[in-house]
>>> print(open('my_file21.tsv').read())   # TSV, C-alpha atoms
chain	number	residue	atom	x	y	z
A	11	MET	CA	0.00	0.00	0.00
A	12	ALA	CA	1.12	3.53	-0.71
A	13	TRP	CA	-0.21	7.03	-0.14
A	14	ASN	CA	-2.23	8.40	-3.03
A	15	LYS	CA	-0.48	10.86	-5.34
A	16	HIS	CA	-2.18	14.20	-6.01
A	17	GLU	CA	-2.09	16.85	-8.71
A	18	TYR	CA	-1.45	19.51	-6.09
A	19	GLU	CA	1.90	17.96	-5.21
A	20	LYS	CA	3.19	19.47	-8.47
A	21	ILE	CA	2.53	23.06	-7.33
A	22	PRO	CA	6.02	24.42	-6.61
A	23	GLY	CA	6.96	25.64	-3.13
A	24	THR	CA	3.68	24.41	-1.72
A	25	TYR	CA	2.87	21.82	0.92
A	26	VAL	CA	-0.79	20.97	1.01
A	27	PHE	CA	-2.00	19.88	4.44
A	28	ASP	CA	-3.66	16.59	3.62
A	29	GLY	CA	-4.27	13.23	5.22
A	30	LYS	CA	-0.71	12.05	4.70
A	31	THR	CA	0.79	15.11	6.41
A	32	SER	CA	-1.86	15.25	9.09
A	33	HIS	CA	-1.30	11.57	9.90
A	34	LYS	CA	2.47	11.97	10.11
A	35	ALA	CA	2.29	15.06	12.33
A	36	TYR	CA	-0.76	14.11	14.37
A	37	ALA	CA	0.96	14.02	17.78
A	38	LEU	CA	2.72	17.32	17.13
A	39	ASN	CA	-0.50	19.05	16.08
A	40	LYS	CA	-2.33	17.56	19.03
A	41	LEU	CA	0.24	19.06	21.37
A	42	LEU	CA	-0.07	22.44	19.63
A	43	PHE	CA	-3.88	22.28	19.85
A	44	SER	CA	-3.60	21.80	23.62
A	45	PHE	CA	-2.27	25.37	23.87
A	46	ASN	CA	-5.82	26.68	23.57
A	47	HIS	CA	-5.83	26.23	27.35
A	48	GLU	CA	-3.76	28.45	29.62
A	49	GLU	CA	-3.02	25.65	32.11
A	50	ASN	CA	-1.45	23.61	29.30
A	51	ARG	CA	0.65	26.55	28.18
A	52	GLN	CA	1.92	26.89	31.73
A	53	GLU	CA	2.66	23.19	32.06
A	54	PHE	CA	4.59	23.26	28.78
A	55	ALA	CA	6.59	26.32	29.85
A	56	LYS	CA	7.73	24.54	33.03
A	57	ASP	CA	9.15	21.49	31.23
A	58	PRO	CA	8.85	21.43	27.43
A	59	ALA	CA	10.60	18.06	27.04
A	60	ALA	CA	8.30	16.34	29.53
A	61	TYR	CA	5.29	17.89	27.82
A	62	ALA	CA	6.51	16.59	24.45
A	63	GLY	CA	6.85	13.12	25.98
A	64	LYS	CA	3.31	13.25	27.27
A	65	TYR	CA	2.02	13.74	23.70
A	66	GLY	CA	4.24	11.03	22.23
A	67	LEU	CA	6.38	13.20	19.96
A	68	ASN	CA	9.23	11.42	18.20
A	69	ASP	CA	12.81	12.60	18.81
A	70	GLU	CA	12.96	14.81	15.76
A	71	GLN	CA	9.67	16.56	16.60
A	72	LYS	CA	10.68	16.90	20.23
A	73	GLU	CA	13.99	18.52	19.35
A	74	ALA	CA	12.34	21.04	17.02
A	75	LEU	CA	9.72	21.82	19.64
A	76	VAL	CA	11.98	22.40	22.65
A	77	ASN	CA	14.28	24.56	20.50
A	78	PHE	CA	11.32	26.53	19.06
A	79	GLU	CA	12.40	25.74	15.51
A	80	PHE	CA	9.19	26.96	13.93
A	81	LEU	CA	10.22	26.56	10.30
A	82	LYS	CA	11.35	23.00	10.96
A	83	MET	CA	8.05	22.18	12.65
A	84	LEU	CA	6.13	23.48	9.64
A	85	GLN	CA	8.31	21.36	7.37
A	86	MET	CA	7.54	18.35	9.58
A	87	GLY	CA	3.83	18.87	9.06
A	88	ALA	CA	2.77	21.19	11.86
A	89	ASN	CA	-0.32	22.96	10.58
A	90	ILE	CA	0.22	26.71	10.36
A	91	TYR	CA	-2.93	27.49	12.40
A	92	TYR	CA	-1.88	25.10	15.14
A	93	LEU	CA	1.72	26.27	15.12
A	94	ALA	CA	0.44	29.83	15.59
A	95	LYS	CA	-0.69	28.85	19.10
A	96	LEU	CA	2.97	28.28	20.03
A	97	ALA	CA	4.69	30.73	17.71
A	98	VAL	CA	2.63	33.93	17.75
A	99	PRO	CA	2.92	34.52	21.53
A	100	ARG	CA	6.69	34.10	21.07
A	101	GLY	CA	6.83	36.85	18.49
A	102	PHE	CA	6.91	34.62	15.39
A	103	SER	CA	4.12	35.69	13.03
A	104	VAL	CA	2.82	34.11	9.83
A	105	GLN	CA	4.86	36.73	7.98
A	106	ASP	CA	8.00	35.61	9.82
A	107	ALA	CA	7.11	32.07	8.72
A	108	GLY	CA	6.74	33.12	5.08
A	109	ALA	CA	10.05	34.98	5.21
A	110	ALA	CA	11.80	32.01	6.84
A	111	PHE	CA	10.61	29.68	4.07
A	112	GLN	CA	12.16	32.01	1.50
A	113	GLY	CA	15.31	32.77	3.48
A	114	ILE	CA	14.63	36.51	3.47
A	115	THR	CA	13.94	39.00	6.26
A	116	THR	CA	10.40	39.71	7.38
A	117	GLU	CA	10.83	43.31	6.17
A	118	GLU	CA	11.73	42.02	2.71
A	119	PHE	CA	8.75	39.68	2.78
A	120	GLN	CA	6.41	42.51	3.78
A	121	ALA	CA	7.84	44.78	1.08
A	122	LYS	CA	7.01	42.12	-1.50
A	123	LEU	CA	3.43	42.02	-0.22
A	124	THR	CA	3.10	45.80	-0.28
A	125	ALA	CA	4.35	45.83	-3.88
A	126	LYS	CA	1.29	43.78	-4.86
A	127	GLY	CA	-0.82	46.85	-4.15
A	128	GLU	CA	1.02	49.11	-6.60
A	129	GLY	CA	-1.23	50.55	-9.29
A	130	LEU	CA	-4.19	48.87	-7.64
A	131	GLU	CA	-6.52	51.85	-7.37
A	132	GLU	CA	-6.30	52.62	-11.06
A	133	LYS	CA	-7.03	49.02	-11.94
A	134	LEU	CA	-10.01	48.92	-9.58
A	135	GLU	CA	-11.45	52.19	-10.78
A	136	LYS	CA	-11.57	50.83	-14.34
A	137	ALA	CA	-13.48	47.81	-13.06
A	138	GLY	CA	-16.06	49.87	-11.15
A	139	TYR	CA	-14.88	49.23	-7.61
A	140	TRP	CA	-15.53	51.46	-4.63
A	141	ASN	CA	-12.70	53.87	-4.17
A	142	GLY	CA	-13.52	56.05	-1.18
B	14	MET	CA	-41.79	33.04	5.21
B	15	ALA	CA	-38.11	33.63	5.74
B	16	ARG	CA	-36.32	35.40	2.96
B	17	ILE	CA	-32.71	36.06	2.04
B	18	VAL	CA	-32.02	39.77	1.76
B	19	GLY	CA	-28.57	39.25	0.33
B	20	GLY	CA	-25.03	38.14	0.89
B	21	VAL	CA	-21.75	39.71	1.89
B	22	THR	CA	-18.21	38.49	1.28
B	23	THR	CA	-15.38	39.36	3.61
B	24	SER	CA	-11.97	38.30	4.78
B	25	HIS	CA	-11.82	36.89	8.32
B	26	ILE	CA	-8.11	36.95	9.11
B	27	PRO	CA	-6.97	37.51	12.71
B	28	ALA	CA	-4.84	40.53	11.75
B	29	ILE	CA	-8.13	42.39	11.13
B	30	GLY	CA	-9.32	41.34	14.59
B	31	ASN	CA	-6.13	42.69	16.11
B	32	ALA	CA	-6.47	45.94	14.18
B	33	MET	CA	-10.03	46.41	15.50
B	34	THR	CA	-9.03	45.55	19.08
B	35	ASN	CA	-6.16	48.02	18.95
B	36	LYS	CA	-8.25	50.65	17.13
B	37	LEU	CA	-5.90	50.91	14.17
B	38	GLU	CA	-8.72	51.57	11.68
B	39	ASN	CA	-7.42	55.02	10.79
B	40	GLU	CA	-3.77	54.05	10.47
B	41	PRO	CA	-2.50	54.46	6.88
B	42	TYR	CA	-2.06	50.69	6.47
B	43	TRP	CA	-5.68	49.97	7.43
B	44	LYS	CA	-7.67	53.05	6.51
B	45	ARG	CA	-8.68	52.18	2.97
B	46	PHE	CA	-9.51	48.61	3.93
B	47	PHE	CA	-11.85	49.60	6.78
B	48	GLU	CA	-13.45	52.54	4.97
B	49	GLY	CA	-14.57	50.07	2.36
B	50	TYR	CA	-16.84	48.48	4.99
B	51	GLU	CA	-18.86	51.64	5.66
B	52	PRO	CA	-21.23	51.03	2.71
B	53	VAL	CA	-21.68	47.44	3.95
B	54	LYS	CA	-22.68	48.67	7.39
B	55	GLU	CA	-25.11	51.14	5.85
B	56	TRP	CA	-26.71	48.45	3.73
B	57	LEU	CA	-27.03	46.13	6.74
B	58	ALA	CA	-28.67	48.93	8.73
B	59	ASP	CA	-31.14	49.45	5.86
B	60	VAL	CA	-32.12	45.81	5.33
B	61	ASP	CA	-32.02	45.13	9.08
B	62	PRO	CA	-31.62	41.33	9.03
B	63	ASP	CA	-32.82	39.10	11.87
B	64	ILE	CA	-30.35	36.30	11.24
B	65	ALA	CA	-26.80	36.14	9.87
B	66	ILE	CA	-25.49	32.81	8.62
B	67	VAL	CA	-21.70	32.92	8.65
B	68	VAL	CA	-19.95	30.47	6.34
B	69	TYR	CA	-16.40	30.14	7.64
B	70	ASN	CA	-13.74	27.60	8.52
B	71	ASP	CA	-12.61	26.66	12.00
B	72	HIS	CA	-8.85	27.03	12.57
B	73	GLY	CA	-8.43	24.69	15.54
B	74	LEU	CA	-10.76	26.00	18.22
B	75	ASN	CA	-13.93	23.91	18.01
B	76	PHE	CA	-12.56	21.14	15.84
B	77	PHE	CA	-9.26	19.33	16.12
B	78	LEU	CA	-7.83	17.04	13.47
B	79	ASP	CA	-9.26	14.01	15.25
B	80	LYS	CA	-12.66	14.75	13.70
B	81	VAL	CA	-12.96	17.02	10.69
B	82	PRO	CA	-16.49	17.46	9.39
B	83	THR	CA	-16.67	18.64	5.80
B	84	PHE	CA	-19.75	20.76	6.57
B	85	ALA	CA	-20.86	21.52	10.14
B	86	LEU	CA	-23.91	23.57	11.07
B	87	GLY	CA	-24.41	25.21	14.44
B	88	CYS	CA	-27.75	24.13	15.96
B	89	ALA	CA	-27.58	25.85	19.34
B	90	ASP	CA	-29.18	28.77	21.17
B	91	VAL	CA	-25.83	30.30	21.99
B	92	TYR	CA	-22.26	30.22	20.64
B	93	HIS	CA	-19.24	31.14	22.68
B	94	ASN	CA	-15.90	32.41	21.58
B	95	ALA	CA	-12.83	31.14	23.48
B	96	ASP	CA	-9.07	31.44	23.79
B	97	GLU	CA	-7.41	30.36	20.55
B	98	GLY	CA	-4.02	30.28	22.22
B	99	TRP	CA	-2.42	33.32	20.70
B	100	GLY	CA	-3.74	36.48	22.16
B	101	LEU	CA	-6.94	37.59	20.41
B	102	ASN	CA	-9.40	39.04	22.90
B	103	THR	CA	-12.32	36.74	23.67
B	104	MET	CA	-15.57	38.28	22.42
B	105	ALA	CA	-19.10	38.36	23.79
B	106	SER	CA	-21.18	35.27	23.02
B	107	PHE	CA	-23.63	35.17	20.13
B	108	ASP	CA	-27.27	34.22	20.35
B	109	GLY	CA	-28.29	31.53	17.91
B	110	ASP	CA	-31.70	30.29	16.79
B	111	ALA	CA	-31.89	26.54	17.35
B	112	GLN	CA	-35.32	26.13	15.74
B	113	PHE	CA	-34.17	27.86	12.61
B	114	SER	CA	-30.91	25.86	12.54
B	115	TRP	CA	-32.68	22.53	12.93
B	116	HIS	CA	-35.04	23.51	10.14
B	117	LEU	CA	-32.00	24.19	7.96
B	118	ALA	CA	-30.41	20.88	8.96
B	119	GLU	CA	-33.58	18.91	8.17
B	120	SER	CA	-34.09	20.59	4.83
B	121	ILE	CA	-30.45	20.44	3.72
B	122	ILE	CA	-30.02	16.78	4.74
B	123	ARG	CA	-33.27	15.97	2.95
B	124	GLN	CA	-31.61	17.50	-0.11
B	125	ASP	CA	-28.83	14.90	0.25
B	126	PHE	CA	-26.09	16.95	1.90
B	127	ASP	CA	-24.84	14.99	4.91
B	128	LEU	CA	-24.18	17.73	7.45
B	129	CYS	CA	-22.65	17.46	10.89
B	130	THR	CA	-24.99	19.14	13.40
B	131	CYS	CA	-23.41	20.86	16.41
B	132	GLN	CA	-25.29	21.64	19.63
B	133	GLU	CA	-22.15	23.07	21.17
B	134	MET	CA	-19.84	24.98	18.93
B	135	LEU	CA	-17.07	27.37	19.86
B	136	VAL	CA	-16.69	30.04	17.22
B	137	ASP	CA	-13.22	31.29	16.35
B	138	HIS	CA	-11.90	34.32	14.47
B	139	GLY	CA	-13.32	32.96	11.23
B	140	PHE	CA	-16.81	33.70	12.57
B	141	ILE	CA	-16.03	36.58	14.89
B	142	VAL	CA	-13.98	38.87	12.68
B	143	PRO	CA	-16.80	39.19	10.11
B	144	MET	CA	-19.37	39.86	12.86
B	145	ALA	CA	-17.13	42.51	14.41
B	146	LEU	CA	-16.42	44.10	11.02
B	147	MET	CA	-20.17	44.60	10.50
B	148	TRP	CA	-21.45	45.40	13.97
B	149	ARG	CA	-18.76	46.30	16.48
B	150	HIS	CA	-20.13	49.87	16.62
B	151	LEU	CA	-23.32	48.56	18.29
B	152	ALA	CA	-23.68	47.74	21.98
B	153	GLU	CA	-25.14	44.30	21.21
B	154	TRP	CA	-25.08	41.96	18.25
B	155	PRO	CA	-28.24	42.96	16.34
B	156	VAL	CA	-28.79	39.53	14.76
B	157	LYS	CA	-28.95	35.90	15.69
B	158	GLY	CA	-25.80	34.22	14.38
B	159	ILE	CA	-25.64	30.80	12.76
B	160	PRO	CA	-22.16	29.30	12.27
B	161	PHE	CA	-21.77	27.14	9.19
B	162	ALA	CA	-18.27	25.65	9.08
B	163	VAL	CA	-16.64	24.28	5.94
B	164	ASN	CA	-13.43	22.28	6.09
B	165	THR	CA	-10.81	24.26	4.19
B	166	VAL	CA	-7.95	23.17	6.44
B	167	GLN	CA	-7.32	19.46	5.99
B	168	HIS	CA	-7.55	17.96	2.52
B	169	PRO	CA	-9.60	16.42	1.00
B	170	LEU	CA	-11.77	19.55	0.93
B	171	PRO	CA	-15.21	19.77	-0.61
B	172	SER	CA	-15.06	20.95	-4.21
B	173	ALA	CA	-16.03	24.45	-5.30
B	174	ARG	CA	-18.98	22.90	-7.14
B	175	ARG	CA	-20.13	21.08	-4.01
B	176	CYS	CA	-20.00	24.34	-2.04
B	177	TYR	CA	-22.04	26.12	-4.69
B	178	ASP	CA	-24.62	23.34	-4.71
B	179	LEU	CA	-24.74	23.34	-0.91
B	180	GLY	CA	-25.52	27.04	-1.14
B	181	LYS	CA	-28.45	26.30	-3.42
B	182	ALA	CA	-29.76	23.78	-0.88
B	183	LEU	CA	-29.21	26.32	1.89
B	184	GLY	CA	-31.21	28.90	-0.06
B	185	LYS	CA	-34.08	26.48	-0.51
B	186	ALA	CA	-33.96	25.59	3.18
B	187	ILE	CA	-34.11	29.24	4.26
B	188	ARG	CA	-36.95	30.09	1.89
B	189	SER	CA	-39.03	27.21	3.24
B	190	TYR	CA	-38.87	28.43	6.87
B	191	PRO	CA	-42.43	29.39	7.81
B	192	GLU	CA	-41.65	32.33	10.08
B	193	ASP	CA	-41.02	35.83	8.68
B	194	LYS	CA	-37.30	36.30	9.07
B	195	LYS	CA	-34.83	38.34	7.10
B	196	VAL	CA	-31.61	36.45	6.56
B	197	VAL	CA	-28.21	37.62	5.41
B	198	ILE	CA	-25.39	35.23	4.53
B	199	PHE	CA	-21.70	35.99	4.93
B	200	GLY	CA	-19.27	34.11	2.72
B	201	THR	CA	-15.94	34.57	4.46
B	202	GLY	CA	-12.27	33.88	3.87
B	203	GLY	CA	-9.88	34.37	1.00
B	204	MET	CA	-8.86	35.95	-1.14
B	205	SER	CA	-5.50	34.87	-2.55
B	206	HIS	CA	-2.95	34.00	0.10
B	207	GLN	CA	-0.52	31.26	0.99
B	208	LEU	CA	0.97	31.07	4.47
B	209	GLN	CA	3.57	28.37	4.09
B	210	GLY	CA	6.10	26.92	1.70
B	211	GLU	CA	8.62	28.75	-0.49
B	212	ARG	CA	5.68	30.20	-2.42
B	213	ALA	CA	4.28	31.89	0.72
B	214	GLY	CA	3.17	35.46	0.17
B	215	ILE	CA	1.59	35.04	-3.24
B	216	ILE	CA	-1.25	37.41	-4.01
B	217	ASP	CA	-2.84	37.31	-7.46
B	218	VAL	CA	-4.83	40.51	-7.93
B	219	ASP	CA	-6.06	39.56	-11.40
B	220	PHE	CA	-7.32	36.18	-10.27
B	221	ASP	CA	-8.98	37.77	-7.24
B	222	MET	CA	-10.78	40.24	-9.50
B	223	GLN	CA	-11.88	37.42	-11.80
B	224	CYS	CA	-13.27	35.62	-8.74
B	225	MET	CA	-15.17	38.74	-7.65
B	226	GLU	CA	-16.80	39.05	-11.08
B	227	SER	CA	-17.52	35.34	-11.15
B	228	VAL	CA	-19.23	35.39	-7.78
B	229	ILE	CA	-21.38	38.31	-8.94
B	230	SER	CA	-22.55	37.13	-12.34
B	231	ASP	CA	-21.04	33.78	-13.34
B	232	PRO	CA	-20.57	31.53	-10.30
B	233	ASP	CA	-20.17	28.52	-12.59
B	234	TRP	CA	-16.76	29.80	-13.66
B	235	LEU	CA	-15.38	29.46	-10.13
B	236	ALA	CA	-17.50	26.43	-9.29
B	237	SER	CA	-15.99	24.58	-12.26
B	238	LYS	CA	-12.45	24.91	-10.95
B	239	SER	CA	-10.79	22.09	-9.05
B	240	THR	CA	-9.30	22.69	-5.63
B	241	THR	CA	-5.85	22.28	-7.20
B	242	GLU	CA	-6.56	24.87	-9.90
B	243	ILE	CA	-7.71	27.35	-7.26
B	244	MET	CA	-4.64	26.70	-5.09
B	245	GLU	CA	-2.31	27.15	-8.09
B	246	LYS	CA	-3.62	30.68	-8.57
B	247	ALA	CA	-4.80	31.75	-5.13
B	248	GLY	CA	-2.55	29.75	-2.80
B	249	THR	CA	-3.23	27.01	-0.29
B	250	GLU	CA	-5.23	29.28	2.01
B	251	GLY	CA	-6.76	31.22	-0.89
B	252	VAL	CA	-8.85	28.12	-1.50
B	253	GLU	CA	-11.13	29.50	1.23
B	254	ILE	CA	-12.92	31.34	-1.56
B	255	ILE	CA	-14.98	28.17	-2.07
B	256	MET	CA	-16.95	29.35	0.96
B	257	TRP	CA	-18.12	32.40	-0.98
B	258	LEU	CA	-19.87	29.99	-3.30
B	259	VAL	CA	-22.00	28.66	-0.44
B	260	MET	CA	-23.27	32.20	0.08
B	261	ARG	CA	-23.69	32.80	-3.65
B	262	GLY	CA	-25.58	29.57	-4.23
B	263	ALA	CA	-28.20	30.62	-1.72
B	264	LEU	CA	-28.96	33.90	-3.52
B	265	ASP	CA	-31.07	34.49	-6.62
B	266	PRO	CA	-29.39	33.80	-9.96
B	267	GLU	CA	-29.49	37.54	-10.70
B	268	VAL	CA	-28.40	39.87	-7.92
B	269	ASN	CA	-27.91	43.61	-7.50
B	270	VAL	CA	-24.33	44.62	-6.74
B	271	ILE	CA	-24.63	47.10	-3.91
B	272	HIS	CA	-20.92	47.35	-3.16
B	273	LYS	CA	-17.63	46.06	-4.52
B	274	HIS	CA	-14.39	46.71	-2.65
B	275	TYR	CA	-10.92	45.19	-2.88
B	276	HIS	CA	-7.74	45.96	-1.05
B	277	VAL	CA	-4.25	44.52	-1.00
B	278	PRO	CA	-2.29	43.62	1.02
B	279	ILE	CA	-3.98	42.98	4.33
B	280	SER	CA	-1.36	40.97	6.14
B	281	ASN	CA	-0.64	38.23	3.57
B	282	THR	CA	-3.93	38.44	1.72
B	283	GLY	CA	-6.00	40.11	-0.92
B	284	ALA	CA	-9.21	41.29	0.78
B	285	GLY	CA	-12.43	41.37	-1.23
B	286	VAL	CA	-15.80	42.72	-0.11
B	287	LEU	CA	-19.05	42.28	-1.98
B	288	VAL	CA	-22.59	43.18	-1.03
B	289	LEU	CA	-25.02	41.32	-3.26
B	290	GLU	CA	-28.71	41.95	-2.84
B	291	ASN	CA	-31.50	39.65	-3.87
B	292	GLN	CA	-34.17	41.33	-5.98
B	293	PRO	CA	-36.26	43.11	-3.37
B	294	ILE	CA	-39.74	41.66	-3.02
B	295	ALA	CA	-41.56	43.37	-0.18
B	296	TYR	CA	-39.92	43.95	3.16
>>> encode(input="my_file21.tsv", output="C-alpha cells")
Amino acid sequence: MAWNKHEYEKIPGTYVFDGKTSHKAYALNKLLFSFNHEENRQEFAKDPAAYAGKYGLNDEQKEALVNFEFLKMLQMGANIYYLAKLAVPRGFSVQDAGAAFQGITTEEFQAKLTAKGEGLEEKLEKAGYWNG
Amino acid sequence: MARIVGGVTTSHIPAIGNAMTNKLENEPYWKRFFEGYEPVKEWLADVDPDIAIVVYNDHGLNFFLDKVPTFALGCADVYHNADEGWGLNTMASFDGDAQFSWHLAESIIRQDFDLCTCQEMLVDHGFIVPMALMWRHLAEWPVKGIPFAVNTVQHPLPSARRCYDLGKALGKAIRSYPEDKKVVIFGTGGMSHQLQGERAGIIDVDFDMQCMESVISDPDWLASKSTTEIMEKAGTEGVEIIMWLVMRGALDPEVNVIHKHYHVPISNTGAGVLVLENQPIAY
C-alpha cells in the first residue's frame, strides 16, 4: 500500500496539508492544539521536554519543539494554524514564517506584499470598484 | 416566510481582529480597507436582518484534526468564543436560533447533503472577525448568528462545485422556513494568500478580481475549478474562496451589486468585499 499521489503535489513551493501530512504530524499538532488552554501553556513552559513526551512526539519533533524551531516544525507537518498557538505569543508571526521559508527578512517579505498593491486603485477604478 | 435579503463576502483573518481591538482603523495601512466596509454597514442597517449565517472555517478551536467534518452547522441557542491560544481578545457570546438551525439541517439533509450538526460549537476568528467588522459599533449583536463551518484546512476539501450546490440547498432551506425572518449570509475567507512553503506570500490581484466578477454574475466559472486549480492561482489558504460559493448559491441567480471593494495587502492576503442583494420583493 502507498499514499495516493495528487495533482497539487506538483505546485512548486507548496505543501498541502492533507491526510498524509496530518497523519504523520498528528501528535505534534495535538500538542499544539492543547495550547488553547492556559493551564497547558503553563505546564509546557515549566518542562517542554516532559510535555513533548506526554504527547508522544518522536525525537525529531521533540527537538524542534523544545528549540522553538518553527520553520522545521512546519516542514515536519505542523499545521500553520496550530503552530500559531505556540509561535505567535513568542513573536513569530505568519509573515515571519513566510520569510523564513524564502530565506529573506520579514521586512523584505512585507515589502514584496506591499508591492502587490502598486497601481491597484487605477485598476479597480476601471473595473467599477468602490474607491472612497 | 423567511427570505434572504442578500449576501456579503469578507476576509476573516486575525490581523483584522487585532487591528479592531487596537483601534488601528485610521492608520494608513488599514484606513482604505476599513473605509470600504462603511457602505456594507449602511446596507445592513437598511435591510435590518434578523439572522446572519456565517460560512467560515474553524482554525483549531472547536474542531481538532481528530474529527474534521466537511460541513458543520451550528444548531444551538448560543455560541461562545474562546481562547485560541495566541492572544486575540475573547468576544461576547452570540445568540443563535436553534429552531431555525434545525429547520436548515432537516431541509439540507433531505436535499442529500450529509451535514454534521453541532449543539455546542465554539466560534473562532473565522466567525467573529466578520461579525465585528459589521457590527462592532453597536452595543449588542443585532442579529442571531448561525455558524456554518466548511473544512478548508485538511484535505480532502469539498469541491467548489459542491459548495455552490450546498448554497443552493441552503437557499431552498431558508426560503421554506415558515416564520417571517430576514436572513443575510456571509461568505468569508480568502482571497489569494498562501501562508507556508517557499511560495508563501503570493497574491494574485487579477485572479482575485476574476473571482469577484464570477461570484457576482457567473458563479459557474469558479464552481468549475478544481481545488488544485484554485490553489495554483490563489494559494493554499486562498482556497477559502470556495466558501463564498456557499453564500452565492443561496442567492437568486441575478443579484444587484450594492458594493464592490478590494484591497491589498492585508497581512498576507487580498481582501475582497461584496454586497449582493436579492431582488427586493416586499420587506
>>> residues_near_point(input="my_file21.tsv", point="(10.8, 38.9, 4.2)", cutoff="12 Å", atoms="only C-alpha atoms", output="ChimeraX atom specification")
/A:103-124 /B:211,213-214,281
>>> closest_residue(input="my_file21.tsv", among="A:Phe102, A:Thr31, A:Lys95, A:Lys126", to="A:Glu48", atoms="only C-alpha atoms")
A:Lys95
>>> closest_residue(input="my_file21.tsv", among="A:Tyr36, A:Asn46, A:Tyr139, A:Ala60", to="B:Asp79", atoms="only C-alpha atoms")
A:Tyr36
>>> atom_distance(input="my_file21.tsv", atom1="atom CA of B:Asn31", atom2="atom CA of B:Val286")
18.9 Å
>>> interface_residues(input="my_file21.tsv", of="chain B", to="chain A", cutoff="7 Å", atoms="all atoms listed in the file", output="list in words")
His72, Gly73, Asp96, Glu97, Gly98, Trp99, Gly100, Gln167, His168, Pro169, Leu208, Gln209, Gly210, Glu211, Arg212, Ala213, Gly214, Ile216, Thr241, Glu245, Thr249, His272, Lys273, His274, Val277, Pro278 and Asn281 of chain B
>>> write_last_selection(input="my_file21.tsv", atoms="C-alpha atoms", output="PDB file, in the coordinates of the input")
ATOM      1  CA  HIS B  72      -8.850  27.030  12.570  1.00  0.00           C
ATOM      2  CA  GLY B  73      -8.430  24.690  15.540  1.00  0.00           C
ATOM      3  CA  ASP B  96      -9.070  31.440  23.790  1.00  0.00           C
ATOM      4  CA  GLU B  97      -7.410  30.360  20.550  1.00  0.00           C
ATOM      5  CA  GLY B  98      -4.020  30.280  22.220  1.00  0.00           C
ATOM      6  CA  TRP B  99      -2.420  33.320  20.700  1.00  0.00           C
ATOM      7  CA  GLY B 100      -3.740  36.480  22.160  1.00  0.00           C
ATOM      8  CA  GLN B 167      -7.320  19.460   5.990  1.00  0.00           C
ATOM      9  CA  HIS B 168      -7.550  17.960   2.520  1.00  0.00           C
ATOM     10  CA  PRO B 169      -9.600  16.420   1.000  1.00  0.00           C
ATOM     11  CA  LEU B 208       0.970  31.070   4.470  1.00  0.00           C
ATOM     12  CA  GLN B 209       3.570  28.370   4.090  1.00  0.00           C
ATOM     13  CA  GLY B 210       6.100  26.920   1.700  1.00  0.00           C
ATOM     14  CA  GLU B 211       8.620  28.750  -0.490  1.00  0.00           C
ATOM     15  CA  ARG B 212       5.680  30.200  -2.420  1.00  0.00           C
ATOM     16  CA  ALA B 213       4.280  31.890   0.720  1.00  0.00           C
ATOM     17  CA  GLY B 214       3.170  35.460   0.170  1.00  0.00           C
ATOM     18  CA  ILE B 216      -1.250  37.410  -4.010  1.00  0.00           C
ATOM     19  CA  THR B 241      -5.850  22.280  -7.200  1.00  0.00           C
ATOM     20  CA  GLU B 245      -2.310  27.150  -8.090  1.00  0.00           C
ATOM     21  CA  THR B 249      -3.230  27.010  -0.290  1.00  0.00           C
ATOM     22  CA  HIS B 272     -20.920  47.350  -3.160  1.00  0.00           C
ATOM     23  CA  LYS B 273     -17.630  46.060  -4.520  1.00  0.00           C
ATOM     24  CA  HIS B 274     -14.390  46.710  -2.650  1.00  0.00           C
ATOM     25  CA  VAL B 277      -4.250  44.520  -1.000  1.00  0.00           C
ATOM     26  CA  PRO B 278      -2.290  43.620   1.020  1.00  0.00           C
ATOM     27  CA  ASN B 281      -0.640  38.230   3.570  1.00  0.00           C
TER      28      ASN B 281
END
>>> residues_around(input="my_file21.tsv", residues="B:Ala28", least_positions_apart="6", cutoff="10 Å", atoms="all atoms listed in the file", output="JSON, numbers by chain")
{"B": [34, 101, 138, 142, 279, 280, 281]}
>>> residues_around(input="my_file21.tsv", residues="A:Ala74", least_positions_apart="5", cutoff="7 Å", atoms="all atoms listed in the file", output="list in words")
Glu79, Lys82 and Met83 of chain A
>>> atom_distance(input="my_file21.tsv", atom1="atom CA of B:Gly262", atom2="atom CA of B:Met222")
19.0 Å
>>> atom_distance(input="my_file21.tsv", atom1="atom CA of A:Leu41", atom2="atom CA of A:Tyr65")
6.1 Å
>>> residues_around(input="my_file21.tsv", residues="B:Pro293", least_positions_apart="3", cutoff="12 Å", atoms="only C-alpha atoms", output="ChimeraX atom specification")
/B:16-19,60,195,264-265,267-269,289-290,296
>>> closest_residue(input="my_file21.tsv", among="B:Met244, B:Tyr92, B:Phe113, B:Glu48", to="B:Asp193", atoms="all atoms listed in the file")
B:Phe113
>>> residues_around(input="my_file21.tsv", residues="stretch 146-157 of chain B", least_positions_apart="4", cutoff="10 Å", atoms="all atoms listed in the file", output="CSV table (one decimal) with C-alpha atoms, in the frame of the given file")
chain,number,residue,atom,x,y,z
B,23,THR,CA,-15.4,39.4,3.6
B,24,SER,CA,-12.0,38.3,4.8
B,25,HIS,CA,-11.8,36.9,8.3
B,29,ILE,CA,-8.1,42.4,11.1
B,30,GLY,CA,-9.3,41.3,14.6
B,33,MET,CA,-10.0,46.4,15.5
B,47,PHE,CA,-11.8,49.6,6.8
B,50,TYR,CA,-16.8,48.5,5.0
B,51,GLU,CA,-18.9,51.6,5.7
B,53,VAL,CA,-21.7,47.4,4.0
B,54,LYS,CA,-22.7,48.7,7.4
B,55,GLU,CA,-25.1,51.1,5.8
B,57,LEU,CA,-27.0,46.1,6.7
B,58,ALA,CA,-28.7,48.9,8.7
B,61,ASP,CA,-32.0,45.1,9.1
B,62,PRO,CA,-31.6,41.3,9.0
B,63,ASP,CA,-32.8,39.1,11.9
B,64,ILE,CA,-30.4,36.3,11.2
B,65,ALA,CA,-26.8,36.1,9.9
B,66,ILE,CA,-25.5,32.8,8.6
B,90,ASP,CA,-29.2,28.8,21.2
B,91,VAL,CA,-25.8,30.3,22.0
B,105,ALA,CA,-19.1,38.4,23.8
B,106,SER,CA,-21.2,35.3,23.0
B,107,PHE,CA,-23.6,35.2,20.1
B,108,ASP,CA,-27.3,34.2,20.4
B,109,GLY,CA,-28.3,31.5,17.9
B,110,ASP,CA,-31.7,30.3,16.8
B,111,ALA,CA,-31.9,26.5,17.4
B,141,ILE,CA,-16.0,36.6,14.9
B,142,VAL,CA,-14.0,38.9,12.7
B,195,LYS,CA,-34.8,38.3,7.1
B,196,VAL,CA,-31.6,36.4,6.6
B,197,VAL,CA,-28.2,37.6,5.4
